[in-house]
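**Student:** Supplied structure: my_file.txt, compact mmCIF, C-alpha atoms.
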# COMPACT_ATOMS: atom_id res chain seq x y z
CA MET A 1 -21.96 -1.51 70.37
CA ARG A 2 -19.85 1.05 72.17
CA LEU A 3 -16.34 1.30 73.61
CA GLU A 4 -15.92 2.89 77.03
CA LEU A 5 -12.81 3.81 79.01
CA ILE A 6 -13.05 2.93 82.71
CA LYS A 7 -10.45 4.44 85.03
CA ARG A 8 -8.37 1.84 86.84
CA SER A 9 -8.39 2.08 90.62
CA ALA A 10 -4.67 1.39 91.05
CA PRO A 11 -2.44 1.30 87.94
CA ALA A 12 0.61 -0.92 88.37
CA PRO A 13 3.65 1.24 89.35
CA ALA A 14 5.99 -0.89 87.23
CA MET A 15 3.85 -0.34 84.14
CA ARG A 16 3.95 3.41 84.64
CA ILE A 17 7.73 3.22 84.32
CA LEU A 18 7.71 0.74 81.45
CA SER A 19 4.98 2.49 79.46
CA PRO A 20 7.27 4.79 77.37
CA LEU A 21 9.59 1.87 76.61
CA LEU A 22 6.65 -0.28 75.53
CA GLY A 23 5.38 2.57 73.36
CA LEU A 24 8.78 2.92 71.70
CA PHE A 25 8.95 -0.82 71.09
CA LEU A 26 5.52 -0.85 69.44
CA ALA A 27 6.50 2.21 67.36
CA LEU A 28 9.55 0.31 66.12
CA ILE A 29 7.36 -2.60 65.06
CA ALA A 30 4.90 -0.29 63.30
CA GLY A 31 7.82 1.54 61.67
CA ALA A 32 9.28 -1.73 60.42
CA ILE A 33 5.92 -2.61 58.84
CA MET A 34 5.74 0.85 57.25
CA PHE A 35 9.24 0.55 55.79
CA ALA A 36 8.45 -2.93 54.43
CA ALA A 37 5.30 -1.55 52.77
CA LEU A 38 7.47 1.12 51.13
CA GLY A 39 9.70 -1.59 49.71
CA LYS A 40 12.64 -0.92 52.05
CA ALA A 41 14.37 -3.50 54.23
CA PRO A 42 13.08 -2.84 57.78
CA ASP A 43 16.39 -3.72 59.44
CA ARG A 44 18.30 -1.39 57.13
CA ALA A 45 15.80 1.42 57.66
CA LEU A 46 15.85 1.11 61.46
CA TYR A 47 19.66 0.98 61.36
CA ALA A 48 19.66 4.22 59.35
CA PHE A 49 17.32 5.85 61.86
CA PHE A 50 18.87 4.78 65.15
CA ILE A 51 22.44 3.48 64.67
CA GLU A 52 23.97 5.27 61.72
CA PRO A 53 23.50 8.79 63.21
CA VAL A 54 25.67 7.93 66.24
CA SER A 55 28.28 5.81 64.50
CA GLU A 56 30.82 8.66 64.27
CA MET A 57 31.83 11.47 66.62
CA TRP A 58 30.83 14.30 64.28
CA SER A 59 27.31 12.85 64.01
CA VAL A 60 27.07 12.68 67.82
CA HIS A 61 27.79 16.41 67.81
CA GLU A 62 24.98 16.92 65.30
CA LEU A 63 22.71 14.92 67.61
CA LEU A 64 23.46 17.31 70.49
CA ILE A 65 22.78 20.33 68.28
CA LYS A 66 19.35 19.02 67.35
CA ALA A 67 18.57 17.83 70.87
CA ALA A 68 19.20 21.20 72.55
CA PRO A 69 16.08 23.03 71.25
CA LEU A 70 13.92 19.93 71.71
CA ILE A 71 14.99 19.60 75.36
CA LEU A 72 14.52 23.30 76.10
CA ILE A 73 11.11 23.61 74.48
CA GLY A 74 9.94 20.21 75.73
CA ALA A 75 10.89 21.05 79.32
CA GLY A 76 8.90 24.29 79.17
CA LEU A 77 5.90 22.53 77.65
CA CYS A 78 5.97 19.97 80.47
CA ILE A 79 5.11 22.77 82.91
CA CYS A 80 2.46 24.18 80.57
CA PHE A 81 0.72 20.86 79.99
CA GLN A 82 0.87 19.81 83.64
CA SER A 83 -0.96 23.02 84.55
CA ASN A 84 -3.65 22.18 81.96
CA ASN A 85 -2.62 24.97 79.59
CA TRP A 86 -2.25 23.74 76.02
CA ASN A 87 0.49 25.76 74.39
CA ILE A 88 0.74 24.46 70.82
CA GLY A 89 2.57 27.55 69.55
CA ALA A 90 6.09 26.95 70.83
CA GLU A 91 7.30 26.95 67.22
CA GLY A 92 6.21 30.57 66.86
CA GLN A 93 7.67 31.50 70.24
CA MET A 94 10.97 29.96 69.16
CA ILE A 95 10.98 32.01 65.95
CA VAL A 96 10.21 35.27 67.73
CA GLY A 97 12.92 34.52 70.31
CA ALA A 98 15.39 34.04 67.46
CA ILE A 99 14.30 37.36 65.90
CA PHE A 100 14.60 39.31 69.16
CA GLY A 101 17.99 37.84 70.00
CA ALA A 102 19.36 38.26 66.48
CA ALA A 103 18.36 41.93 66.36
CA LEU A 104 21.50 42.94 68.30
CA PRO A 105 24.21 41.61 65.95
CA ILE A 106 22.13 42.51 62.88
CA LEU A 107 21.24 46.10 63.80
CA LEU A 108 24.43 46.82 65.80
CA PRO A 109 27.15 44.90 63.92
CA ASP A 110 29.92 47.17 65.21
CA VAL A 111 29.16 46.43 68.86
CA GLN A 112 31.51 43.53 69.53
CA ASN A 113 32.32 42.64 73.13
CA PHE A 114 31.71 39.95 75.73
CA LEU A 115 28.33 41.44 76.70
CA ILE A 116 26.66 40.91 73.34
CA LEU A 117 26.00 37.15 73.65
CA PRO A 118 24.39 37.28 77.14
CA LEU A 119 22.22 40.17 75.95
CA MET A 120 21.19 38.14 72.90
CA LEU A 121 20.14 35.22 75.11
CA ILE A 122 18.15 37.56 77.37
CA CYS A 123 16.45 39.17 74.38
CA GLY A 124 15.62 35.74 72.99
CA ILE A 125 13.97 34.75 76.27
CA LEU A 126 12.01 38.03 76.40
CA GLY A 127 10.86 37.60 72.80
CA GLY A 128 9.52 34.12 73.45
CA MET A 129 7.83 35.27 76.65
CA LEU A 130 6.21 38.22 74.87
CA TYR A 131 4.81 35.94 72.15
CA GLY A 132 3.60 33.45 74.76
CA PHE A 133 1.90 36.30 76.62
CA ILE A 134 -0.58 36.85 73.75
CA PRO A 135 -2.48 33.51 73.94
CA ALA A 136 -2.20 33.63 77.75
CA LEU A 137 -3.88 37.04 77.84
CA LEU A 138 -6.60 35.95 75.42
CA LYS A 139 -7.36 32.86 77.49
CA ALA A 140 -7.29 34.60 80.88
CA LYS A 141 -9.31 37.66 79.87
CA PHE A 142 -11.63 36.37 77.14
CA LYS A 143 -11.55 32.58 77.65
CA THR A 144 -10.28 32.13 74.10
CA ASN A 145 -9.13 28.62 73.20
CA GLU A 146 -5.35 28.73 73.64
CA ILE A 147 -4.80 25.81 71.26
CA LEU A 148 -6.15 27.81 68.33
CA THR A 149 -4.57 31.16 69.21
CA SER A 150 -1.11 29.80 69.98
CA LEU A 151 -1.15 27.66 66.83
CA MET A 152 -2.29 30.46 64.50
CA LEU A 153 0.38 32.78 65.91
CA VAL A 154 3.01 30.35 64.60
CA TYR A 155 2.16 31.34 61.03
CA VAL A 156 2.30 35.03 61.91
CA ALA A 157 5.81 34.52 63.30
CA GLN A 158 6.89 32.61 60.19
CA MET A 159 5.64 35.39 57.91
CA LEU A 160 7.38 38.02 60.04
CA LEU A 161 10.69 36.15 59.85
CA ASP A 162 10.36 35.67 56.09
CA TRP A 163 9.65 39.38 55.58
CA LEU A 164 12.63 40.45 57.70
CA VAL A 165 15.24 38.26 55.99
CA ARG A 166 13.95 39.15 52.52
CA GLY A 167 13.53 42.83 53.33
CA PRO A 168 15.00 45.15 55.97
CA TRP A 169 17.36 42.59 57.53
CA ARG A 170 18.66 41.02 54.34
CA ASN A 171 22.44 40.86 54.17
CA PRO A 172 23.67 43.68 51.91
CA GLU A 173 26.67 41.52 51.01
CA GLY A 174 24.71 38.27 50.63
CA LEU A 175 24.27 38.27 46.83
CA ASN A 176 20.53 38.88 47.26
CA PHE A 177 19.92 35.59 49.13
CA PRO A 178 17.12 35.72 51.77
CA GLU A 179 19.30 35.71 54.86
CA SER A 180 20.69 38.17 57.39
CA ARG A 181 24.33 39.16 57.78
CA ARG A 182 26.42 36.51 59.49
CA PHE A 183 26.95 37.03 63.22
CA HIS A 184 30.39 38.13 64.35
CA GLU A 185 32.46 35.95 66.69
CA TRP A 186 31.27 37.66 69.88
CA ALA A 187 27.66 36.87 68.93
CA ARG A 188 28.24 33.13 68.45
CA ILE A 189 27.84 30.43 71.11
CA PRO A 190 31.25 28.74 71.53
CA GLU A 191 31.70 25.15 70.46
CA MET A 192 32.45 22.57 73.16
CA MET A 193 35.03 20.48 71.27
CA PRO A 194 35.81 22.18 67.94
CA ALA A 195 38.24 19.45 66.91
CA ASP A 196 35.51 16.77 66.94
CA GLY A 197 32.37 18.56 65.74
CA ARG A 198 30.05 21.59 65.85
CA ALA A 199 28.21 20.95 69.14
CA ASN A 200 28.09 24.11 71.23
CA TRP A 201 27.37 25.03 74.83
CA GLY A 202 23.70 25.49 73.99
CA PHE A 203 23.20 21.80 74.76
CA VAL A 204 24.61 22.29 78.26
CA ILE A 205 22.32 25.29 78.78
CA ALA A 206 19.33 23.18 77.71
CA VAL A 207 20.18 20.37 80.14
CA VAL A 208 20.75 22.79 83.03
CA VAL A 209 17.42 24.53 82.39
CA ALA A 210 15.57 21.20 82.17
CA ILE A 211 17.09 20.00 85.45
CA ALA A 212 16.22 23.31 87.14
CA LEU A 213 12.62 23.05 85.97
CA GLY A 214 12.46 19.44 87.12
CA VAL A 215 13.66 20.42 90.60
CA MET A 216 11.19 23.31 90.68
CA LEU A 217 8.33 21.00 89.74
CA ALA A 218 9.26 18.34 92.30
CA LYS A 219 10.49 20.39 95.27
CA SER A 220 8.94 23.85 95.24
CA LEU A 221 5.56 25.25 96.22
CA LYS A 222 5.16 26.57 92.66
CA GLY A 223 5.63 23.07 91.32
CA PHE A 224 2.99 21.79 93.71
CA GLU A 225 0.67 24.56 92.53
CA VAL A 226 1.23 23.54 88.91
CA LYS A 227 0.27 19.94 89.67
CA VAL A 228 -2.79 20.79 91.77
CA ILE A 229 -4.21 23.26 89.25
CA GLY A 230 -3.64 20.76 86.45
CA THR A 231 -5.19 17.75 88.17
CA SER A 232 -7.92 19.29 90.35
CA PRO A 233 -8.99 22.89 89.64
CA LYS A 234 -11.57 22.80 92.45
CA ALA A 235 -8.98 21.68 95.01
CA ALA A 236 -6.66 24.41 93.74
CA GLN A 237 -9.41 26.97 94.25
CA PHE A 238 -9.96 25.83 97.83
CA ALA A 239 -6.19 26.01 98.42
CA GLY A 240 -6.14 29.61 97.25
CA PHE A 241 -4.20 29.00 94.02
CA ASP A 242 -5.00 31.44 91.21
CA ALA A 243 -5.70 29.63 87.93
CA LYS A 244 -5.44 32.85 85.89
CA LYS A 245 -2.00 33.63 87.26
CA MET A 246 -0.96 30.08 86.41
CA ILE A 247 -2.01 30.65 82.79
CA PHE A 248 0.43 33.56 82.53
CA PHE A 249 3.16 31.77 84.50
CA SER A 250 3.07 28.62 82.37
CA PHE A 251 2.85 30.41 79.03
CA LEU A 252 5.60 32.88 79.90
CA LEU A 253 7.85 30.10 81.15
CA ALA A 254 7.26 27.88 78.10
CA GLY A 255 7.60 30.88 75.77
CA GLY A 256 10.85 31.92 77.44
CA CYS A 257 12.27 28.42 77.02
CA ALA A 258 11.21 28.36 73.36
CA GLY A 259 12.69 31.83 72.78
CA LEU A 260 15.96 30.74 74.37
CA ALA A 261 15.97 27.69 72.10
CA GLY A 262 15.48 29.98 69.09
CA ILE A 263 18.42 32.26 69.81
CA ILE A 264 20.63 29.27 70.71
CA GLU A 265 19.76 27.75 67.33
CA VAL A 266 20.66 30.84 65.30
CA ALA A 267 23.63 31.94 67.41
CA GLY A 268 25.01 28.42 67.55
CA ALA A 269 24.63 26.10 64.58
CA THR A 270 23.29 28.60 62.02
CA GLY A 271 25.15 31.84 62.73
CA GLN A 272 22.53 34.00 60.98
CA LEU A 273 18.80 34.41 60.44
CA ARG A 274 17.28 32.50 57.51
CA PRO A 275 13.69 32.10 56.30
CA THR A 276 13.47 28.89 58.34
CA VAL A 277 14.81 28.85 61.89
CA SER A 278 13.53 25.40 62.79
CA PRO A 279 12.45 22.24 60.95
CA GLY A 280 9.51 21.95 63.33
CA TYR A 281 11.22 21.68 66.72
CA GLY A 282 8.33 23.48 68.44
CA PHE A 283 5.84 20.86 67.30
CA THR A 284 8.15 17.90 67.86
CA ALA A 285 8.74 19.16 71.40
CA ILE A 286 5.11 18.25 72.15
CA ILE A 287 6.12 14.63 71.56
CA VAL A 288 9.21 15.20 73.70
CA ALA A 289 7.07 16.44 76.59
CA TYR A 290 4.75 13.44 76.49
CA LEU A 291 7.51 10.93 75.84
CA GLY A 292 9.23 12.37 78.93
CA ARG A 293 6.00 11.82 80.92
CA LEU A 294 5.57 15.61 81.37
CA ASN A 295 8.71 15.66 83.49
CA PRO A 296 11.36 18.22 82.45
CA ILE A 297 14.18 15.84 83.37
CA GLY A 298 12.51 13.08 81.34
CA ALA A 299 12.46 15.56 78.46
CA ILE A 300 16.26 15.34 78.32
CA VAL A 301 16.16 11.66 77.34
CA ALA A 302 13.11 12.16 75.12
CA GLY A 303 14.79 15.10 73.36
CA LEU A 304 17.80 12.95 72.52
CA VAL A 305 15.52 10.17 71.17
CA LEU A 306 13.55 12.57 68.93
CA ALA A 307 16.76 14.29 67.80
CA LEU A 308 17.94 10.85 66.75
CA THR A 309 14.85 10.47 64.53
CA TYR A 310 15.67 13.80 62.85
CA LEU A 311 19.21 12.69 62.09
CA GLY A 312 17.97 9.23 61.16
CA GLY A 313 15.49 10.75 58.74
CA GLU A 314 18.32 12.64 57.03
CA ALA A 315 20.44 9.48 56.91
CA ALA A 316 17.51 7.50 55.49
CA GLN A 317 17.01 10.10 52.76
CA ILE A 318 20.62 9.68 51.68
CA SER A 319 21.10 5.94 52.06
CA LEU A 320 17.57 4.67 51.29
CA GLY A 321 16.03 7.44 49.21
CA LEU A 322 13.13 7.96 51.62
CA SER A 323 11.18 11.20 51.76
CA ASP A 324 11.76 13.57 54.68
CA LYS A 325 8.03 13.19 55.44
CA ILE A 326 8.71 9.61 56.54
CA ALA A 327 10.64 10.91 59.55
CA ARG A 328 7.59 13.00 60.54
CA VAL A 329 5.32 9.96 60.20
CA PHE A 330 7.71 7.94 62.35
CA GLN A 331 7.69 10.66 65.03
CA GLY A 332 3.89 10.60 64.92
CA LEU A 333 3.92 6.84 65.43
CA ILE A 334 6.09 7.26 68.52
CA LEU A 335 3.66 9.81 70.01
CA PHE A 336 0.64 7.66 69.16
CA PHE A 337 1.97 4.50 70.80
CA VAL A 338 3.35 6.29 73.86
CA LEU A 339 -0.01 7.99 74.49
CA ALA A 340 -1.90 4.76 73.75
CA CYS A 341 0.19 2.81 76.26
CA ASP A 342 -0.31 5.52 78.89
CA THR A 343 -4.06 5.47 78.27
CA LEU A 344 -4.34 1.68 78.59
CA ILE A 345 -2.31 1.71 81.80
CA LEU A 346 -4.60 4.31 83.38
CA TYR A 347 -7.86 3.03 81.86
CA LYS A 348 -9.37 -0.29 80.88
CA ILE A 349 -11.59 -0.79 77.83
CA ARG A 350 -15.16 -1.95 78.22
CA LEU A 351 -17.33 -3.05 75.32
CA THR A 352 -21.07 -2.45 75.73
CA PHE A 353 -23.94 -3.61 73.52
CA GLY A 354 -26.99 -1.34 73.46
CA ALA A 355 -29.09 0.03 76.30
CA ALA A 356 -30.32 -3.40 77.41
CA HIS A 357 -26.79 -4.62 77.91
CA LYS A 358 -25.32 -1.47 79.34
CA GLY A 359 -22.44 -2.36 81.59
CA ALA A 360 -21.87 -5.77 79.99
CA ALA A 361 -18.22 -6.26 79.20
For the structure just supplied, provide its representation as structure tokens.
**Tutor:**
Amino acid sequence: MRLELIKRSAPAPAMRILSPLLGLFLALIAGAIMFAALGKAPDRALYAFFIEPVSEMWSVHELLIKAAPLILIGAGLCICFQSNNWNIGAEGQMIVGAIFGAALPILLPDVQNFLILPLMLICGILGGMLYGFIPALLKAKFKTNEILTSLMLVYVAQMLLDWLVRGPWRNPEGLNFPESRRFHEWARIPEMMPADGRANWGFVIAVVVAIALGVMLAKSLKGFEVKVIGTSPKAAQFAGFDAKKMIFFSFLLAGGCAGLAGIIEVAGATGQLRPTVSPGYGFTAIIVAYLGRLNPIGAIVAGLVLALTYLGGEAAQISLGLSDKIARVFQGLILFFVLACDTLILYKIRLTFGAAHKGAA
């Protein structure tokens, strides 16, 4: 007995639109079953995950803070994945972007003027692009699997960050804690509404970048090239599109977005470098990209939904005593059901029994 996936000739347009919503609905059902198995009331757990984090204005601000890096990284990964380049190392690119951008206020603390913040953002972008260039070069020149190289580079970036904040960049006035000196006011991203919460203009930057990438993908020749190379490499070759150049373009773009997310994170909410820049935004952004149907504009909504699960996980830890790992499992359930729904919309399942019955459904 064997299961086969047969491509559907014409998937229903309505189901393409409803697929992410159906996946979310099924994830909620599976999550409710999981919470019940853990001995928690499903309705109370789902309330903690999805309602409690947006019940007050300050928590809405926290939602925007967490959504900004997810939107930025997810939008960049949409371009990468659509071009058939599997960048799994956005977490490392985010960390290196944070390191490059933070170098200015850490190494030059006396330079305080209006130019410092734009330069930090530029350095963050360049740092992420540089780190994304490594797996791109290895794939283009040596045909190395980019999934492995980009993923392994994440751990290199984490070790580099840990060494810096415990060694040469440790705050001399920080009572020996593993953290850098706090950034001065000129090196901080301004808050949007200080009276209501901590949300800063990094969220606006993330949304603008995602919209720009969405327009590029839908309206420009480069966007068309991304789609053609991703869906039909042979057709792209006949059209004169260079697949190797696309490897560098997609990795540099995704790395730049991740690096920008890293410096926004440390110059906004954190205000300094610490041993951990991100709770896993680079990996969660993979879910954001797929939940947004590999559309950068869709990544805006998906980023807000996944940011809600982060806040909900924190709320569930406090109110229900759940482990922080439960939030990760819940995010995994969302990705699983969204991808499963997409697969079943594009393919139908056929059950075959042995060679004599090959083709029997």
**Student:** How many Å separate atom CA of A:Gln331 from atom CA of A:Leu46?
**Tutor:** 13.1 Å
**Student:** Can you tell me which residues surround A:Glu179 at a distance of at most 12 Å, considering all atoms listed in the file, apart from same-chain residues fewer than 5 positions away, and format the answer as number ranges by chain?
**Tutor:** A: 102, 106, 161-174, 266, 270-277
**Student:** Keeping only C-alpha atoms, write those residues as a compact mmCIF listing (two decimals), keeping the file's coordinate frame.
**Tutor:**
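What ended up in selection.txt:
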# COMPACT_ATOMS: atom_id res chain seq x y z
CA ALA A 102 19.36 38.26 66.48
CA ILE A 106 22.13 42.51 62.88
CA LEU A 161 10.69 36.15 59.85
CA ASP A 162 10.36 35.67 56.09
CA TRP A 163 9.65 39.38 55.58
CA LEU A 164 12.63 40.45 57.70
CA VAL A 165 15.24 38.26 55.99
CA ARG A 166 13.95 39.15 52.52
CA GLY A 167 13.53 42.83 53.33
CA PRO A 168 15.00 45.15 55.97
CA TRP A 169 17.36 42.59 57.53
CA ARG A 170 18.66 41.02 54.34
CA ASN A 171 22.44 40.86 54.17
CA PRO A 172 23.67 43.68 51.91
CA GLU A 173 26.67 41.52 51.01
CA GLY A 174 24.71 38.27 50.63
CA VAL A 266 20.66 30.84 65.30
CA THR A 270 23.29 28.60 62.02
CA GLY A 271 25.15 31.84 62.73
CA GLN A 272 22.53 34.00 60.98
CA LEU A 273 18.80 34.41 60.44
CA ARG A 274 17.28 32.50 57.51
CA PRO A 275 13.69 32.10 56.30
CA THR A 276 13.47 28.89 58.34
CA VAL A 277 14.81 28.85 61.89
**Student:** Near A:Val154, within 12 Å and counting all atoms listed in the file, which residues show up once chain neighbours fewer than 6 positions away are dropped, as a tab-separated table (two decimals) with C-alpha atoms, keeping the file's coordinate frame?
**Tutor:**
chain	number	residue	atom	x	y	z
A	87	ASN	CA	0.49	25.76	74.39
A	88	ILE	CA	0.74	24.46	70.82
A	89	GLY	CA	2.57	27.55	69.55
A	90	ALA	CA	6.09	26.95	70.83
A	91	GLU	CA	7.30	26.95	67.22
A	92	GLY	CA	6.21	30.57	66.86
A	93	GLN	CA	7.67	31.50	70.24
A	94	MET	CA	10.97	29.96	69.16
A	95	ILE	CA	10.98	32.01	65.95
A	96	VAL	CA	10.21	35.27	67.73
A	128	GLY	CA	9.52	34.12	73.45
A	131	TYR	CA	4.81	35.94	72.15
A	132	GLY	CA	3.60	33.45	74.76
A	134	ILE	CA	-0.58	36.85	73.75
A	135	PRO	CA	-2.48	33.51	73.94
A	147	ILE	CA	-4.80	25.81	71.26
A	148	LEU	CA	-6.15	27.81	68.33
A	160	LEU	CA	7.38	38.02	60.04
A	161	LEU	CA	10.69	36.15	59.85
A	278	SER	CA	13.53	25.40	62.79
A	280	GLY	CA	9.51	21.95	63.33
A	282	GLY	CA	8.33	23.48	68.44
A	283	PHE	CA	5.84	20.86	67.30
**Student:** So, counting all atoms listed in the file, which residue among A:Ala235, A:Ala136, A:Leu311, A:Ala254 is closest to A:Ala75?
**Tutor:**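 For A:Ala75, the nearest of the given residues is A:Ala254.
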**Student:** So which one's closest to A:Asn85, A:Tyr310, A:Phe248, A:Tyr347, A:Phe353? Using only C-alpha atoms, please.
**Tutor:**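 Using only C-alpha atoms, the shortest distance to A:Asn85 belongs to A:Phe248.
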**Student:** Identify which of the residues A:Ile300, A:Ala261, A:Met15, A:Leu137 lies closest to A:Ser150, counting only C-alpha atoms when measuring atom-to-atom distances.
**Tutor:**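 Going through A:Ile300, A:Ala261, A:Met15, A:Leu137 one by one, the smallest distance to A:Ser150 is for A:Leu137.
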**Student:** Atom CA of A:Val305 to atom CA of A:Tyr155: how many Å, to one decimal?
**Tutor:**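 Atom-to-atom, atom CA of A:Val305 and atom CA of A:Tyr155 are spaced 27.0 Å apart.
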**Student:** From the options A:Leu333, A:Leu107, A:Leu63, A:Leu21, which residue's atoms come nearest to A:Arg181, counting only C-alpha atoms?
**Tutor:** A:Leu107
**Student:** Using all atoms listed in the file, which of the listed residues (A:Thr284, A:Ser319, A:Ile205, A:Lys219) sits closest to A:Leu70?
**Tutor:**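 So, comparing all the options, the nearest one is A:Thr284.
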**Student:** Taking (1.3, 34.6, 82.7) in the file's coordinates as the center, which residues reach within 12 Å of it, counting only C-alpha atoms, put as an NGL selection string?
**Tutor:** :A and (80 or 83 or 85 or 129-141 or 242-256)
**Student:** Any chance you could export the current selection's C-alpha atoms as a PDB file, in the coordinates of the input?
**Tutor:**
ATOM      1  CA  CYS A  80       2.460  24.180  80.570  1.00  0.00           C
ATOM      2  CA  SER A  83      -0.960  23.020  84.550  1.00  0.00           C
ATOM      3  CA  ASN A  85      -2.620  24.970  79.590  1.00  0.00           C
ATOM      4  CA  MET A 129       7.830  35.270  76.650  1.00  0.00           C
ATOM      5  CA  LEU A 130       6.210  38.220  74.870  1.00  0.00           C
ATOM      6  CA  TYR A 131       4.810  35.940  72.150  1.00  0.00           C
ATOM      7  CA  GLY A 132       3.600  33.450  74.760  1.00  0.00           C
ATOM      8  CA  PHE A 133       1.900  36.300  76.620  1.00  0.00           C
ATOM      9  CA  ILE A 134      -0.580  36.850  73.750  1.00  0.00           C
ATOM     10  CA  PRO A 135      -2.480  33.510  73.940  1.00  0.00           C
ATOM     11  CA  ALA A 136      -2.200  33.630  77.750  1.00  0.00           C
ATOM     12  CA  LEU A 137      -3.880  37.040  77.840  1.00  0.00           C
ATOM     13  CA  LEU A 138      -6.600  35.950  75.420  1.00  0.00           C
ATOM     14  CA  LYS A 139      -7.360  32.860  77.490  1.00  0.00           C
ATOM     15  CA  ALA A 140      -7.290  34.600  80.880  1.00  0.00           C
ATOM     16  CA  LYS A 141      -9.310  37.660  79.870  1.00  0.00           C
ATOM     17  CA  ASP A 242      -5.000  31.440  91.210  1.00  0.00           C
ATOM     18  CA  ALA A 243      -5.700  29.630  87.930  1.00  0.00           C
ATOM     19  CA  LYS A 244      -5.440  32.850  85.890  1.00  0.00           C
ATOM     20  CA  LYS A 245      -2.000  33.630  87.260  1.00  0.00           C
ATOM     21  CA  MET A 246      -0.960  30.080  86.410  1.00  0.00           C
ATOM     22  CA  ILE A 247      -2.010  30.650  82.790  1.00  0.00           C
ATOM     23  CA  PHE A 248       0.430  33.560  82.530  1.00  0.00           C
ATOM     24  CA  PHE A 249       3.160  31.770  84.500  1.00  0.00           C
ATOM     25  CA  SER A 250       3.070  28.620  82.370  1.00  0.00           C
ATOM     26  CA  PHE A 251       2.850  30.410  79.030  1.00  0.00           C
ATOM     27  CA  LEU A 252       5.600  32.880  79.900  1.00  0.00           C
ATOM     28  CA  LEU A 253       7.850  30.100  81.150  1.00  0.00           C
ATOM     29  CA  ALA A 254       7.260  27.880  78.100  1.00  0.00           C
ATOM     30  CA  GLY A 255       7.600  30.880  75.770  1.00  0.00           C
ATOM     31  CA  GLY A 256      10.850  31.920  77.440  1.00  0.00           C
TER      32      GLY A 256
END
**Student:** If I take atom CA of A:Leu38 and atom CA of A:Arg328, how far is one from the other in Å, to one decimal?
**Tutor:** 15.2 Å
**Student:** As a VMD selection string, please: the residues near A:His61 (cut-off 10 Å, all atoms listed in the file, same-chain neighbours under 2 positions excluded).
**Tutor:** chain A and resid 53 to 54 56 to 59 63 to 67 191 to 194 196 to 200 203
**Student:** Quick one: everything within 12 Å of A:Leu22, counting only C-alpha atoms, minus sequence neighbours fewer than 6 positions away in the same chain. Send it as a list in words.
**Tutor:** Ala14, Met15, Arg16, Leu28, Ile29, Leu291, Ile334, Leu335, Phe336, Phe337, Val338, Leu339, Ala340, Cys341, Asp342, Leu344 and Ile345 of chain A
**Student:** In terms of the shortest atom-to-atom distance over all atoms listed in the file, which of A:Leu77, A:Leu351, A:Leu151, A:Leu304 is closest to A:Val60?
**Tutor:**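 Among the listed residues, A:Leu304 lies closest to A:Val60.
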**Student:** With a distance cut-off of 7 Å and only C-alpha atoms, select the neighbouring residues of A:Leu72, excluding the residue or stretch itself and same-chain residues fewer than 4 positions from it, and output the selection as a PyMOL selection string.
**Tutor:** chain A and resi 68+76+206+210+257-258+261
**Student:** Which polymer residues, protein or nucleic acid, are no farther than 12 Å from (6.8, -3.5, 60.3), counting all atoms listed in the file, as a PDB file with C-alpha atoms, keeping the file's coordinate frame?
**Tutor:**
ATOM      1  CA  PHE A  25       8.950  -0.820  71.090  1.00  0.00           C
ATOM      2  CA  LEU A  26       5.520  -0.850  69.440  1.00  0.00           C
ATOM      3  CA  ALA A  27       6.500   2.210  67.360  1.00  0.00           C
ATOM      4  CA  LEU A  28       9.550   0.310  66.120  1.00  0.00           C
ATOM      5  CA  ILE A  29       7.360  -2.600  65.060  1.00  0.00           C
ATOM      6  CA  ALA A  30       4.900  -0.290  63.300  1.00  0.00           C
ATOM      7  CA  GLY A  31       7.820   1.540  61.670  1.00  0.00           C
ATOM      8  CA  ALA A  32       9.280  -1.730  60.420  1.00  0.00           C
ATOM      9  CA  ILE A  33       5.920  -2.610  58.840  1.00  0.00           C
ATOM     10  CA  MET A  34       5.740   0.850  57.250  1.00  0.00           C
ATOM     11  CA  PHE A  35       9.240   0.550  55.790  1.00  0.00           C
ATOM     12  CA  ALA A  36       8.450  -2.930  54.430  1.00  0.00           C
ATOM     13  CA  ALA A  37       5.300  -1.550  52.770  1.00  0.00           C
ATOM     14  CA  LEU A  38       7.470   1.120  51.130  1.00  0.00           C
ATOM     15  CA  GLY A  39       9.700  -1.590  49.710  1.00  0.00           C
ATOM     16  CA  LYS A  40      12.640  -0.920  52.050  1.00  0.00           C
ATOM     17  CA  ALA A  41      14.370  -3.500  54.230  1.00  0.00           C
ATOM     18  CA  PRO A  42      13.080  -2.840  57.780  1.00  0.00           C
ATOM     19  CA  ASP A  43      16.390  -3.720  59.440  1.00  0.00           C
ATOM     20  CA  ALA A  45      15.800   1.420  57.660  1.00  0.00           C
ATOM     21  CA  LEU A  46      15.850   1.110  61.460  1.00  0.00           C
ATOM     22  CA  PHE A 330       7.710   7.940  62.350  1.00  0.00           C
ATOM     23  CA  LEU A 333       3.920   6.840  65.430  1.00  0.00           C
TER      24      LEU A 333
END
